[in-house]
Every structure is written in C-alpha cells, then in structure tokens.
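Read the structure below first, then the notes.
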Amino acid sequence: MAEPMKAMYTKEFLEHFASVVKEEYGEFEENKFLADVMDDGWEELELKARIRRIALVLGSLLPDDYPEAVTILLAIEAQYEGFPYLFIPDFVEVFGQNPAHEEISLHALEVFTKRSTAEFAIRPFLIRAPERIMLKMKEWAQSENHHVRRLASEGCRPRLPWGQAISQFKAEPQPVLEVLELLKADPSLYVRKSVANNLNDISKDHPELVIQTAKRWNDYSKETDWIIRHGCRTLLRSGEPEVLALFGYEDVKGALADVAIAADRQRVNIGETVTLAYAFHVKQQAKLRIEYSIDFIKKRKITTKKFLLSDRVFAAGEDIAKERVHKWSDLTTRVHYPGVHRIALLANGIEVASTELELIKKE
C-alpha cells in the first residue's frame with residue numbers, strides 16, 4: 001500500500017528546509033523548528049493539518065514584522081519547489097491578511113505559486129475583498145507565466161476541492177466568468193484544465209449560465225472547444241438536452257432497437273464483482289454517449305451514479321454486445337448497503353433499458 005501524502009514531511013525534509021532558512025536568516029532556531037513541528041501530536045495530524053502546523057511554527061520563529069518575515073521567504077524561494085512546499089503560501093494565508101500588507105502578500109503569492117501553488121492561500125483574500133482581489137486575478141490571467149495564469153482561474157473556483165468554498169461566487173459567478181473570458185483560449189493545457197474545472201463548478205449552481213457561455217465560446221478556437229467540452233461534463237452526464245445538442249449528440253428516439261442490460265447474477269455479496277452485459281442495435285448513424293447508472297442505497301436515501309461505457313459515433317447497422325465488470329467493494333468515497341439496486345442503461349442521458357440485483361451482506 002502506498003504511503004499517505006502526509007508522510008512526505010519527514011524529519012530529513014524539515015531539517016533541510018530549516019537549514020535553507022537559517023542561511024538567509026541567521027537567528028532562525030533550526031532545532032526548535034523541528035521540535036515544535038514534530039511534537040507528540042504530529043503523527044496523528046493529517047496532511048492539511050501538517051501543512052498548517054509547519055506554517056504556524058515557521059511564523060513563530062521568523063521576525064514578528066510580517067513584511068520582514070515574508071521577504072526572507074521570498075529571498076530563498078528558488079530553493080524550494082513542488083507540492084510539499086504548500087506551507088509557504090499557507091504562511092501568507094495565516095500571517096498576511098492585514099489589509100496594510102495586502103500588496104506584499106499578493107506579490108508573495110504570485111511568486112510562490114510558480115514553484116508550488118497558491119490556489120488555497122488566495123481564497124481568504126478573495127472572501128475578504130472580492131472586488132479588489134478579482135482585479136488582481138484579471139491581471140494574473142494575462143501573465144506570461146502559466147502557473148500565474150492558472151492561479152487566476154483555480155484560485156477563484158467556487159467549489160475548489162480541499163479549498164474553502166467561496167459562497168459569494170457560488171451565488172453570483174459573473175466575476176469569475178470575467179476572469180475565465182481572458183483564459184478561454186489559453187495555450188497551456190495546465191491552464192485550460194483549470195478553466196474547464198471552474199466552468200464545471202459553476203454549472204452545478206448555474207447550469208443555464210454555463211450553457212450560454214458554452215454556446216458563445218463554441219468554435220472560437222480548438223483550445224476553447226476543449227475547455228467547454230470538459231467544462232460541461234457534469235451537464236453532459238445529467239443528459240442536459242441543450243448541451244447534448246451543442247456537442248452533436250442526437251435524439252436517441254428511433255436510433256436504437258433491441259436494447260438490453262442484464263447482470264450475470266441476481267444476488268451479489270458486498271465486496272464481490274458482477275458482470276453486466278449490455279446490447280443494442282443501431283438503426284441509423286448517431287453520436288451516442290452510452291452509460292450505465294446505479295441507484296445506490298444509502299442509510300437514509302438513494303443516490304445515483306453514472307459510469308461511462310462509450311462515447312462515439314455509431315454507424316447505422318452496428319450491433320453492440322459487450323460486458324463490463326462492476327466491483328461492489330467499499331471505497332473511501334462510497335460505502336455499500338444491502339438491498340435491491342436498480343441498474344439502467346443510458347443513451348445520451350435517456351434511459352433505454354434497466355435491470356435489478358440484490359446486494360447482500362455476507363454473514
């Protein structure tokens with residue numbers, strides 16, 4: 001089993017970082033830094049808590065004057081790079097919120113994001129002063145550095161995973177779209193992925209706004225077409241008719257015949273696998289997104305999840321007969337409960353066949 005990500009903060013890693021700080025700031029207490037970070041509760045801390053612990057201890061041992069402290073970290077920024085150094089922008093998030101220090105904090109985040117990422121650290125600044133900080137995001141969206149341009153998009157995502165949600169942008173995403181407009185044809189895939197993820201975030205609260213944006217951006221450039229295709233993925237999975245039509249998916253009525261889906265067993269133990277067989281005949285050429293969905297039984301409700309089987313243009317006369325193995329093992333993101341589970345075959349978001357199986361808990 002792979003080590004958890006929090007294990008990257010080894011004693012050797014922290015000792016090396018402390019030595020780099022010491023070279024720039026002679027009063028830095030290396031031993032105290034190590035001892036305070038890795039105290040008795042260290043092993044129980046998860047990744048985000050470890051990042052915050054390192055930032056807090058670092059702040060306690062650097063000068064009390066924040067501009068002086070952050071200047072020390074700026075002076076050594078070329079010597080640390082990569083995900084483990086998230087505690088550097090986190091330092092800015094914790095200690096740099098004073099409005100009087102906003103200019104140097106934003107400058108520091110712009111520098112630090114080039115070697116790690118400041119997508120999490122920028123969010124409290126946005127929440128506190130959205131109009132002013134979004135002006136900076138627009139400036140960053142036009143940077144020559146693709147890491148900085150990505151920060152302009154990733155930092156203002158309304159629903160950034162791991163990050164603090166930005167409720168005002170969930171309610172009113174127009175300021176975010178103004179930033180994305182500047183990035184809609186970005187040459188960097190790294191940036192385009194962020195723009196697409198941001199659009200996908202917005203679509204969960206404002207689907208019509210994203211549909212309008214996708215229609216307006218459609219055919220602007222091949223880079224933009226890639227963005228809207230990936231940015232509308234949740235809307236595609238939900239079978240939104242306007243989005244399906246935008247990307248060339250036909251109405252399935254009259255296109256399919258002899259549609260079926262079946263499981264190789266009607267009763268399955270939690271933890272086992274089942275083979276799903278699906279088949280259909282294509283009567284006329286059609287672009288089809290074929291999925292299966294499962295209505296998962298939970299403690300208090302039923303939740304539906306879709307799984308992609310195929311997404312392509314099918315020729316007239318094709319006969320499809322395929323199988324897919326589905327695992328019923330518990331995951332960190334999904335726990336299975338006994339009961340009758342409904343399984344449906346979908347074509348372009350429309351249910352075209354269904355079956356059921358009973359999931360049981362092995363005694």
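Chain labels run A, B, ... following the order of the structure tokens; each chain numbers its residues from 1, and ligands are numbered from 1 in the order shown.
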
Backbone DSSP call of alpha helix (DSSP H) for region 77-267 of chain A, listed as number ranges by chain: A: 87-95, 102-112, 123-128, 130-140, 146-154, 167-171, 174-181, 189-203, 207-217, 222-231, 233-237, 241-246

Could you pull the residues within 9 Å of Gly231 (chain A), counting only C-alpha atoms, minus those fewer than 6 positions along the same chain, as a CSV table (one decimal) with C-alpha atoms, in the first residue's frame?
```csv
chain,number,residue,atom,x,y,z
A,193,LYS,CA,-7.9,22.2,-17.3
A,195,VAL,CA,-10.7,26.9,-16.7
A,196,ALA,CA,-12.8,23.7,-17.5
A,197,ASN,CA,-12.9,22.7,-13.9
A,198,ASN,CA,-14.0,26.2,-12.9
A,199,LEU,CA,-16.8,26.1,-15.5
A,200,ASN,CA,-17.8,22.7,-14.2
A,201,ASP,CA,-18.0,24.1,-10.7
A,203,SER,CA,-22.5,24.5,-13.8
A,210,VAL,CA,-22.6,27.8,-18.3
A,214,ALA,CA,-20.5,27.3,-23.9
```

Near-region 108-123 of chain A list (6 Å; only C-alpha atoms; drop same-chain fewer than 6 positions) as a tab-separated table (two decimals) with N, CA, C and O atoms, in the first residue's frame:
```
chain	number	residue	atom	x	y	z
A	81	GLU	N	10.59	23.86	-4.24
A	81	GLU	CA	9.66	23.72	-5.36
A	81	GLU	C	8.87	22.43	-5.22
A	81	GLU	O	9.41	21.40	-4.84
A	82	GLY	N	7.58	22.49	-5.54
A	82	GLY	CA	6.75	21.30	-5.53
A	82	GLY	C	5.66	21.33	-4.48
A	82	GLY	O	5.60	22.22	-3.61
A	83	PHE	N	4.81	20.33	-4.54
A	83	PHE	CA	3.65	20.23	-3.66
A	83	PHE	C	3.99	20.29	-2.17
A	83	PHE	O	3.25	20.90	-1.39
A	89	PRO	N	2.93	29.26	0.82
A	89	PRO	CA	1.75	30.13	0.63
A	89	PRO	C	0.80	30.09	1.81
A	89	PRO	O	0.10	31.09	2.10
A	90	ASP	N	0.74	28.95	2.53
A	90	ASP	CA	-0.11	28.89	3.71
A	90	ASP	C	0.36	29.88	4.77
A	90	ASP	O	-0.45	30.45	5.51
A	93	GLU	N	-1.21	33.02	3.90
A	93	GLU	CA	-2.63	32.99	4.26
A	93	GLU	C	-2.83	33.27	5.75
A	93	GLU	O	-3.73	34.00	6.14
A	147	HIS	N	1.80	29.29	-14.64
A	147	HIS	CA	1.43	29.00	-13.26
A	147	HIS	C	0.60	30.15	-12.67
A	147	HIS	O	-0.36	29.91	-11.92
A	151	LEU	N	-3.38	30.24	-11.53
A	151	LEU	CA	-3.83	30.74	-10.23
A	151	LEU	C	-5.05	31.64	-10.40
A	151	LEU	O	-5.97	31.61	-9.58
A	154	GLU	N	-7.85	28.91	-10.98
A	154	GLU	CA	-8.01	27.91	-9.91
A	154	GLU	C	-8.34	28.57	-8.58
A	154	GLU	O	-9.10	28.03	-7.78
A	155	GLY	N	-7.74	29.74	-8.34
A	155	GLY	CA	-7.94	30.42	-7.06
A	155	GLY	C	-9.36	30.90	-6.82
A	155	GLY	O	-9.78	31.05	-5.67
A	163	GLY	N	-10.29	23.15	-0.88
A	163	GLY	CA	-10.23	24.57	-0.57
A	163	GLY	C	-11.51	25.08	0.07
A	163	GLY	O	-12.56	24.44	0.01
```

Compile a residue-level contact table for region 250-286 of chain A against region 331-340 of chain A at a cut-off of 10 Å, reporting for every qualifying residue the shortest atom pair and its distance in Å to one decimal, with only C-alpha atoms counted, rows ordered by chain and ascending number, as a Markdown table.
```
| residue | atom | partner | partner_atom | distance |
| --- | --- | --- | --- | --- |
| A:Gln266 | CA | A:Val340 | CA | 9.4 |
| A:Arg267 | CA | A:Val340 | CA | 8.9 |
| A:Val268 | CA | A:Pro338 | CA | 9.5 |
| A:Asn269 | CA | A:Pro338 | CA | 8.6 |
| A:Ile270 | CA | A:His336 | CA | 6.9 |
| A:Gly271 | CA | A:His336 | CA | 8.8 |
```

Suppose we keep all heavy atoms; can you now write the selection as a PDB file, in the first residue's frame?
```
ATOM      1  N   GLN A 266     -28.257 -12.391  -9.858  1.00  0.00           N
ATOM      2  CA  GLN A 266     -29.303 -11.554  -9.284  1.00  0.00           C
ATOM      3  C   GLN A 266     -29.039 -11.205  -7.834  1.00  0.00           C
ATOM      4  O   GLN A 266     -29.656 -10.295  -7.293  1.00  0.00           O
ATOM      5  CB  GLN A 266     -30.664 -12.257  -9.412  1.00  0.00           C
ATOM      6  CG  GLN A 266     -31.083 -12.516 -10.855  1.00  0.00           C
ATOM      7  CD  GLN A 266     -31.055 -11.250 -11.695  1.00  0.00           C
ATOM      8  OE1 GLN A 266     -31.684 -10.250 -11.346  1.00  0.00           O
ATOM      9  NE2 GLN A 266     -30.311 -11.281 -12.793  1.00  0.00           N
ATOM     10  N   ARG A 267     -28.124 -11.941  -7.186  1.00  0.00           N
ATOM     11  CA  ARG A 267     -27.750 -11.647  -5.799  1.00  0.00           C
ATOM     12  C   ARG A 267     -26.218 -11.622  -5.711  1.00  0.00           C
ATOM     13  O   ARG A 267     -25.540 -12.538  -6.177  1.00  0.00           O
ATOM     14  CB  ARG A 267     -28.305 -12.694  -4.832  1.00  0.00           C
ATOM     15  CG  ARG A 267     -29.833 -12.815  -4.878  1.00  0.00           C
ATOM     16  CD  ARG A 267     -30.349 -13.795  -3.836  1.00  0.00           C
ATOM     17  NE  ARG A 267     -30.418 -13.198  -2.505  1.00  0.00           N
ATOM     18  CZ  ARG A 267     -30.061 -13.813  -1.383  1.00  0.00           C
ATOM     19  NH1 ARG A 267     -29.559 -15.042  -1.434  1.00  0.00           N
ATOM     20  NH2 ARG A 267     -30.202 -13.216  -0.221  1.00  0.00           N
ATOM     21  N   VAL A 268     -25.701 -10.555  -5.114  1.00  0.00           N
ATOM     22  CA  VAL A 268     -24.261 -10.347  -5.066  1.00  0.00           C
ATOM     23  C   VAL A 268     -23.868  -9.924  -3.661  1.00  0.00           C
ATOM     24  O   VAL A 268     -24.532  -9.078  -3.044  1.00  0.00           O
ATOM     25  CB  VAL A 268     -23.814  -9.248  -6.064  1.00  0.00           C
ATOM     26  CG1 VAL A 268     -22.301  -9.088  -6.045  1.00  0.00           C
ATOM     27  CG2 VAL A 268     -24.293  -9.563  -7.464  1.00  0.00           C
ATOM     28  N   ASN A 269     -22.785 -10.494  -3.146  1.00  0.00           N
ATOM     29  CA  ASN A 269     -22.265 -10.095  -1.838  1.00  0.00           C
ATOM     30  C   ASN A 269     -21.502  -8.774  -1.951  1.00  0.00           C
ATOM     31  O   ASN A 269     -20.802  -8.532  -2.941  1.00  0.00           O
ATOM     32  CB  ASN A 269     -21.323 -11.162  -1.279  1.00  0.00           C
ATOM     33  CG  ASN A 269     -22.052 -12.418  -0.850  1.00  0.00           C
ATOM     34  OD1 ASN A 269     -23.076 -12.354  -0.178  1.00  0.00           O
ATOM     35  ND2 ASN A 269     -21.537 -13.573  -1.243  1.00  0.00           N
ATOM     36  N   ILE A 270     -21.627  -7.950  -0.933  1.00  0.00           N
ATOM     37  CA  ILE A 270     -20.802  -6.740  -0.862  1.00  0.00           C
ATOM     38  C   ILE A 270     -19.331  -7.166  -0.884  1.00  0.00           C
ATOM     39  O   ILE A 270     -18.916  -8.058  -0.162  1.00  0.00           O
ATOM     40  CB  ILE A 270     -21.115  -5.938   0.407  1.00  0.00           C
ATOM     41  CG1 ILE A 270     -22.547  -5.397   0.358  1.00  0.00           C
ATOM     42  CG2 ILE A 270     -20.121  -4.778   0.587  1.00  0.00           C
ATOM     43  CD1 ILE A 270     -22.993  -4.702   1.632  1.00  0.00           C
ATOM     44  N   GLY A 271     -18.559  -6.528  -1.744  1.00  0.00           N
ATOM     45  CA  GLY A 271     -17.151  -6.875  -1.894  1.00  0.00           C
ATOM     46  C   GLY A 271     -16.868  -7.711  -3.130  1.00  0.00           C
ATOM     47  O   GLY A 271     -15.710  -7.828  -3.548  1.00  0.00           O
TER      48      GLY A 271
END
```

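Between Lys32 (chain A) and the candidates A:Lys287, A:Ser221, A:Ser60, A:Lys6, the tightest atom-to-atom separation, counting only C-alpha atoms, involves A:Ser60.
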
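Near Lys170 (chain A), within 8 Å and counting only C-alpha atoms, sit Pro158, Arg159, Ile166, Ser167, Gln168, Glu172, Pro173, Ile202 and Asp205 of chain A; same-chain residues fewer than 2 positions away were not included.
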
Surrounding residues of Met38 (chain A) excluding itself and chain neighbours under 4 positions, 10 Å, only C-alpha atoms, as a VMD selection string: chain A and resid 9 to 11 14 32 to 34 42 to 43 50 53 to 54

Write out the residues from the selection above, keeping N, CA, C and O atoms, as a short mmCIF file (atom, residue, chain, number, x, y, z; two decimals), in the first residue's frame.
```cif
data_model
loop_
_atom_site.label_atom_id
_atom_site.label_comp_id
_atom_site.auth_asym_id
_atom_site.auth_seq_id
_atom_site.Cartn_x
_atom_site.Cartn_y
_atom_site.Cartn_z
N TYR A 9 6.43 14.71 4.71
CA TYR A 9 7.08 15.61 5.66
C TYR A 9 7.92 14.82 6.66
O TYR A 9 7.53 14.61 7.81
N THR A 10 9.04 14.36 6.19
CA THR A 10 9.95 13.58 7.02
C THR A 10 10.85 14.51 7.84
O THR A 10 10.94 15.72 7.57
N LYS A 11 11.54 13.93 8.80
CA LYS A 11 12.49 14.70 9.59
C LYS A 11 13.57 15.29 8.70
O LYS A 11 13.98 16.45 8.87
N LEU A 14 12.28 18.35 6.74
CA LEU A 14 12.15 19.54 7.59
C LEU A 14 13.52 20.08 8.00
O LEU A 14 13.71 21.30 8.08
N LYS A 32 14.54 24.14 17.33
CA LYS A 32 13.21 24.44 17.88
C LYS A 32 12.15 24.26 16.80
O LYS A 32 11.05 23.77 17.08
N PHE A 33 12.47 24.66 15.58
CA PHE A 33 11.54 24.46 14.46
C PHE A 33 11.18 22.98 14.33
O PHE A 33 10.00 22.62 14.27
N LEU A 34 12.18 22.15 14.32
CA LEU A 34 11.95 20.71 14.17
C LEU A 34 11.16 20.14 15.35
O LEU A 34 10.22 19.37 15.19
N TRP A 42 2.18 15.07 16.34
CA TRP A 42 2.48 15.14 14.92
C TRP A 42 1.96 13.94 14.14
O TRP A 42 1.37 14.09 13.08
N GLU A 43 2.15 12.76 14.65
CA GLU A 43 1.79 11.55 13.91
C GLU A 43 0.30 11.46 13.63
O GLU A 43 -0.12 10.86 12.64
N ARG A 50 -0.95 19.16 8.95
CA ARG A 50 0.51 19.24 8.99
C ARG A 50 1.01 20.48 8.27
O ARG A 50 1.95 21.15 8.73
N ARG A 53 0.41 23.30 10.59
CA ARG A 53 1.35 23.26 11.72
C ARG A 53 2.70 23.83 11.31
O ARG A 53 3.29 24.64 12.04
N ILE A 54 3.22 23.42 10.16
CA ILE A 54 4.53 23.91 9.72
C ILE A 54 4.49 25.42 9.51
O ILE A 54 5.41 26.14 9.92
#
```

Every residue of region 72-310 of chain A that DSSP places in strand (DSSP E), as a PyMOL selection string: chain A and resi 256-263+267-269+273-282+286-297+302-310

Please produce an output containing N, CA and C atoms for each residue in the selection, written as a tab-separated table (two decimals), in the first residue's frame.
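The file below, result-v2.tsv, is the result:
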```tsv
chain	number	residue	atom	x	y	z
A	256	LEU	N	-32.18	3.45	-31.88
A	256	LEU	CA	-31.78	2.18	-31.29
A	256	LEU	C	-32.93	1.18	-31.29
A	257	ALA	N	-32.54	-0.09	-31.29
A	257	ALA	CA	-33.52	-1.18	-31.16
A	257	ALA	C	-32.86	-2.32	-30.40
A	258	ASP	N	-33.68	-3.23	-29.90
A	258	ASP	CA	-33.20	-4.43	-29.20
A	258	ASP	C	-32.22	-4.07	-28.08
A	259	VAL	N	-32.61	-3.11	-27.28
A	259	VAL	CA	-31.73	-2.64	-26.19
A	259	VAL	C	-31.96	-3.49	-24.94
A	260	ALA	N	-30.85	-3.88	-24.28
A	260	ALA	CA	-30.99	-4.70	-23.08
A	260	ALA	C	-29.76	-4.53	-22.20
A	261	ILE	N	-29.95	-4.72	-20.90
A	261	ILE	CA	-28.86	-4.79	-19.95
A	261	ILE	C	-29.24	-5.83	-18.90
A	262	ALA	N	-28.26	-6.64	-18.50
A	262	ALA	CA	-28.53	-7.70	-17.53
A	262	ALA	C	-27.27	-7.99	-16.73
A	263	ALA	N	-27.46	-8.46	-15.49
A	263	ALA	CA	-26.35	-8.88	-14.63
A	263	ALA	C	-26.24	-10.40	-14.67
A	267	ARG	N	-28.12	-11.94	-7.19
A	267	ARG	CA	-27.75	-11.65	-5.80
A	267	ARG	C	-26.22	-11.62	-5.71
A	268	VAL	N	-25.70	-10.56	-5.11
A	268	VAL	CA	-24.26	-10.35	-5.07
A	268	VAL	C	-23.87	-9.92	-3.66
A	269	ASN	N	-22.79	-10.49	-3.15
A	269	ASN	CA	-22.27	-10.09	-1.84
A	269	ASN	C	-21.50	-8.77	-1.95
A	273	THR	N	-17.71	-8.93	-7.35
A	273	THR	CA	-17.91	-8.27	-8.63
A	273	THR	C	-19.08	-8.92	-9.36
A	274	VAL	N	-19.65	-8.17	-10.29
A	274	VAL	CA	-20.72	-8.69	-11.13
A	274	VAL	C	-20.42	-8.27	-12.57
A	275	THR	N	-20.77	-9.12	-13.51
A	275	THR	CA	-20.59	-8.79	-14.92
A	275	THR	C	-21.91	-8.29	-15.50
A	276	LEU	N	-21.87	-7.08	-16.02
A	276	LEU	CA	-23.04	-6.50	-16.67
A	276	LEU	C	-22.91	-6.67	-18.18
A	277	ALA	N	-23.91	-7.26	-18.79
A	277	ALA	CA	-23.94	-7.42	-20.25
A	277	ALA	C	-24.95	-6.44	-20.83
A	278	TYR	N	-24.51	-5.69	-21.83
A	278	TYR	CA	-25.45	-4.76	-22.47
A	278	TYR	C	-25.38	-4.93	-23.99
A	279	ALA	N	-26.49	-4.63	-24.65
A	279	ALA	CA	-26.56	-4.83	-26.10
A	279	ALA	C	-27.57	-3.87	-26.70
A	280	PHE	N	-27.34	-3.50	-27.96
A	280	PHE	CA	-28.32	-2.71	-28.70
A	280	PHE	C	-27.97	-2.74	-30.19
A	281	HIS	N	-28.95	-2.47	-31.00
A	281	HIS	CA	-28.77	-2.37	-32.44
A	281	HIS	C	-28.95	-0.92	-32.85
A	282	VAL	N	-28.03	-0.42	-33.68
A	282	VAL	CA	-28.09	0.96	-34.14
A	282	VAL	C	-28.80	1.00	-35.49
A	286	ALA	N	-25.51	7.60	-35.46
A	286	ALA	CA	-25.78	8.54	-34.36
A	286	ALA	C	-24.57	8.66	-33.46
A	287	LYS	N	-24.35	9.88	-32.95
A	287	LYS	CA	-23.33	10.10	-31.93
A	287	LYS	C	-23.97	9.81	-30.59
A	288	LEU	N	-23.43	8.82	-29.88
A	288	LEU	CA	-24.07	8.35	-28.65
A	288	LEU	C	-23.09	8.34	-27.49
A	289	ARG	N	-23.59	8.77	-26.36
A	289	ARG	CA	-22.87	8.65	-25.10
A	289	ARG	C	-23.59	7.55	-24.32
A	290	ILE	N	-22.95	6.39	-24.22
A	290	ILE	CA	-23.57	5.22	-23.58
A	290	ILE	C	-23.02	5.09	-22.16
A	291	GLU	N	-23.91	5.03	-21.19
A	291	GLU	CA	-23.53	4.93	-19.78
A	291	GLU	C	-24.41	3.91	-19.10
A	292	TYR	N	-23.99	3.46	-17.94
A	292	TYR	CA	-24.91	2.77	-17.05
A	292	TYR	C	-24.95	3.51	-15.73
A	293	SER	N	-26.09	3.48	-15.10
A	293	SER	CA	-26.25	4.16	-13.81
A	293	SER	C	-26.70	3.14	-12.77
A	294	ILE	N	-26.32	3.39	-11.53
A	294	ILE	CA	-26.75	2.54	-10.42
A	294	ILE	C	-27.37	3.43	-9.35
A	295	ASP	N	-28.56	3.05	-8.90
A	295	ASP	CA	-29.19	3.72	-7.77
A	295	ASP	C	-28.67	3.06	-6.49
A	296	PHE	N	-27.70	3.69	-5.86
A	296	PHE	CA	-27.09	3.13	-4.66
A	296	PHE	C	-27.95	3.42	-3.43
A	297	ILE	N	-28.20	2.39	-2.67
A	297	ILE	CA	-28.94	2.54	-1.42
A	297	ILE	C	-27.99	3.07	-0.35
A	302	ILE	N	-31.38	7.35	-1.54
A	302	ILE	CA	-30.80	6.65	-2.69
A	302	ILE	C	-30.05	7.68	-3.54
A	303	THR	N	-28.82	7.37	-3.90
A	303	THR	CA	-28.05	8.27	-4.76
A	303	THR	C	-27.70	7.54	-6.05
A	304	THR	N	-27.73	8.28	-7.14
A	304	THR	CA	-27.46	7.69	-8.45
A	304	THR	C	-26.09	8.12	-8.95
A	305	LYS	N	-25.32	7.14	-9.43
A	305	LYS	CA	-24.02	7.43	-10.03
A	305	LYS	C	-23.97	6.81	-11.41
A	306	LYS	N	-23.37	7.56	-12.36
A	306	LYS	CA	-23.26	7.09	-13.73
A	306	LYS	C	-21.83	6.67	-14.04
A	307	PHE	N	-21.71	5.68	-14.93
A	307	PHE	CA	-20.42	5.15	-15.35
A	307	PHE	C	-20.39	5.10	-16.87
A	308	LEU	N	-19.38	5.73	-17.47
A	308	LEU	CA	-19.30	5.82	-18.92
A	308	LEU	C	-18.86	4.49	-19.53
A	309	LEU	N	-19.57	4.08	-20.59
A	309	LEU	CA	-19.24	2.87	-21.33
A	309	LEU	C	-18.63	3.20	-22.70
A	310	SER	N	-19.21	4.16	-23.40
A	310	SER	CA	-18.72	4.51	-24.73
A	310	SER	C	-19.21	5.89	-25.11
```

Find the spatial neighbours of Asn348 (chain A), counting only C-alpha atoms, within a cut-off of 10 Å - ignore same-chain residues fewer than 4 positions away - and output them as a PDB file with N, CA and C atoms, in the first residue's frame.
```
ATOM      1  N   LEU A 236     -23.309  17.140 -19.287  1.00  0.00           N
ATOM      2  CA  LEU A 236     -23.411  16.017 -20.214  1.00  0.00           C
ATOM      3  C   LEU A 236     -23.889  14.769 -19.487  1.00  0.00           C
ATOM      4  N   ARG A 237     -23.304  14.512 -18.317  1.00  0.00           N
ATOM      5  CA  ARG A 237     -23.683  13.313 -17.562  1.00  0.00           C
ATOM      6  C   ARG A 237     -25.139  13.376 -17.115  1.00  0.00           C
ATOM      7  N   SER A 238     -25.626  14.580 -16.899  1.00  0.00           N
ATOM      8  CA  SER A 238     -27.019  14.719 -16.465  1.00  0.00           C
ATOM      9  C   SER A 238     -27.992  14.660 -17.636  1.00  0.00           C
ATOM     10  N   GLY A 239     -27.450  14.585 -18.863  1.00  0.00           N
ATOM     11  CA  GLY A 239     -28.311  14.486 -20.039  1.00  0.00           C
ATOM     12  C   GLY A 239     -28.995  15.784 -20.407  1.00  0.00           C
ATOM     13  N   GLU A 240     -28.359  16.920 -20.112  1.00  0.00           N
ATOM     14  CA  GLU A 240     -28.937  18.223 -20.436  1.00  0.00           C
ATOM     15  C   GLU A 240     -29.109  18.337 -21.952  1.00  0.00           C
ATOM     16  N   PRO A 241     -30.347  18.453 -22.447  1.00  0.00           N
ATOM     17  CA  PRO A 241     -30.587  18.410 -23.895  1.00  0.00           C
ATOM     18  C   PRO A 241     -29.813  19.452 -24.693  1.00  0.00           C
ATOM     19  N   LEU A 244     -26.151  18.368 -24.923  1.00  0.00           N
ATOM     20  CA  LEU A 244     -26.020  17.227 -25.828  1.00  0.00           C
ATOM     21  C   LEU A 244     -26.099  17.688 -27.281  1.00  0.00           C
ATOM     22  N   ALA A 245     -27.038  18.571 -27.564  1.00  0.00           N
ATOM     23  CA  ALA A 245     -27.186  19.078 -28.930  1.00  0.00           C
ATOM     24  C   ALA A 245     -25.972  19.900 -29.346  1.00  0.00           C
ATOM     25  N   TYR A 249     -24.751  15.342 -30.093  1.00  0.00           N
ATOM     26  CA  TYR A 249     -25.416  14.094 -29.727  1.00  0.00           C
ATOM     27  C   TYR A 249     -26.873  14.143 -30.185  1.00  0.00           C
ATOM     28  N   GLU A 250     -27.288  13.097 -30.923  1.00  0.00           N
ATOM     29  CA  GLU A 250     -28.630  13.090 -31.459  1.00  0.00           C
ATOM     30  C   GLU A 250     -29.674  12.618 -30.448  1.00  0.00           C
ATOM     31  N   ASP A 251     -30.911  12.914 -30.770  1.00  0.00           N
ATOM     32  CA  ASP A 251     -32.039  12.351 -30.039  1.00  0.00           C
ATOM     33  C   ASP A 251     -32.050  10.849 -30.304  1.00  0.00           C
ATOM     34  N   VAL A 252     -32.103  10.051 -29.246  1.00  0.00           N
ATOM     35  CA  VAL A 252     -31.985   8.599 -29.421  1.00  0.00           C
ATOM     36  C   VAL A 252     -33.273   7.959 -29.918  1.00  0.00           C
ATOM     37  N   LYS A 287     -24.353   9.881 -32.955  1.00  0.00           N
ATOM     38  CA  LYS A 287     -23.332  10.098 -31.934  1.00  0.00           C
ATOM     39  C   LYS A 287     -23.974   9.806 -30.586  1.00  0.00           C
ATOM     40  N   LEU A 288     -23.430   8.815 -29.881  1.00  0.00           N
ATOM     41  CA  LEU A 288     -24.066   8.348 -28.648  1.00  0.00           C
ATOM     42  C   LEU A 288     -23.089   8.338 -27.488  1.00  0.00           C
ATOM     43  N   ARG A 289     -23.587   8.775 -26.360  1.00  0.00           N
ATOM     44  CA  ARG A 289     -22.869   8.654 -25.096  1.00  0.00           C
ATOM     45  C   ARG A 289     -23.588   7.553 -24.316  1.00  0.00           C
ATOM     46  N   ILE A 290     -22.952   6.386 -24.224  1.00  0.00           N
ATOM     47  CA  ILE A 290     -23.567   5.222 -23.582  1.00  0.00           C
ATOM     48  C   ILE A 290     -23.016   5.091 -22.163  1.00  0.00           C
ATOM     49  N   GLU A 291     -23.906   5.033 -21.190  1.00  0.00           N
ATOM     50  CA  GLU A 291     -23.526   4.931 -19.783  1.00  0.00           C
ATOM     51  C   GLU A 291     -24.414   3.906 -19.096  1.00  0.00           C
ATOM     52  N   ASP A 311     -18.410   6.585 -25.909  1.00  0.00           N
ATOM     53  CA  ASP A 311     -18.788   7.930 -26.349  1.00  0.00           C
ATOM     54  C   ASP A 311     -18.198   8.129 -27.745  1.00  0.00           C
ATOM     55  N   VAL A 352     -32.727   3.650 -21.559  1.00  0.00           N
ATOM     56  CA  VAL A 352     -33.242   2.810 -22.644  1.00  0.00           C
ATOM     57  C   VAL A 352     -33.443   1.358 -22.213  1.00  0.00           C
TER      58      VAL A 352
END
```

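By chain and then residue number, the residues within 7 Å of Ala316 (chain A) are Val282, Lys283, Gln284 and Gln285 of chain A, counting only C-alpha atoms and disregarding those fewer than 5 positions away in sequence.
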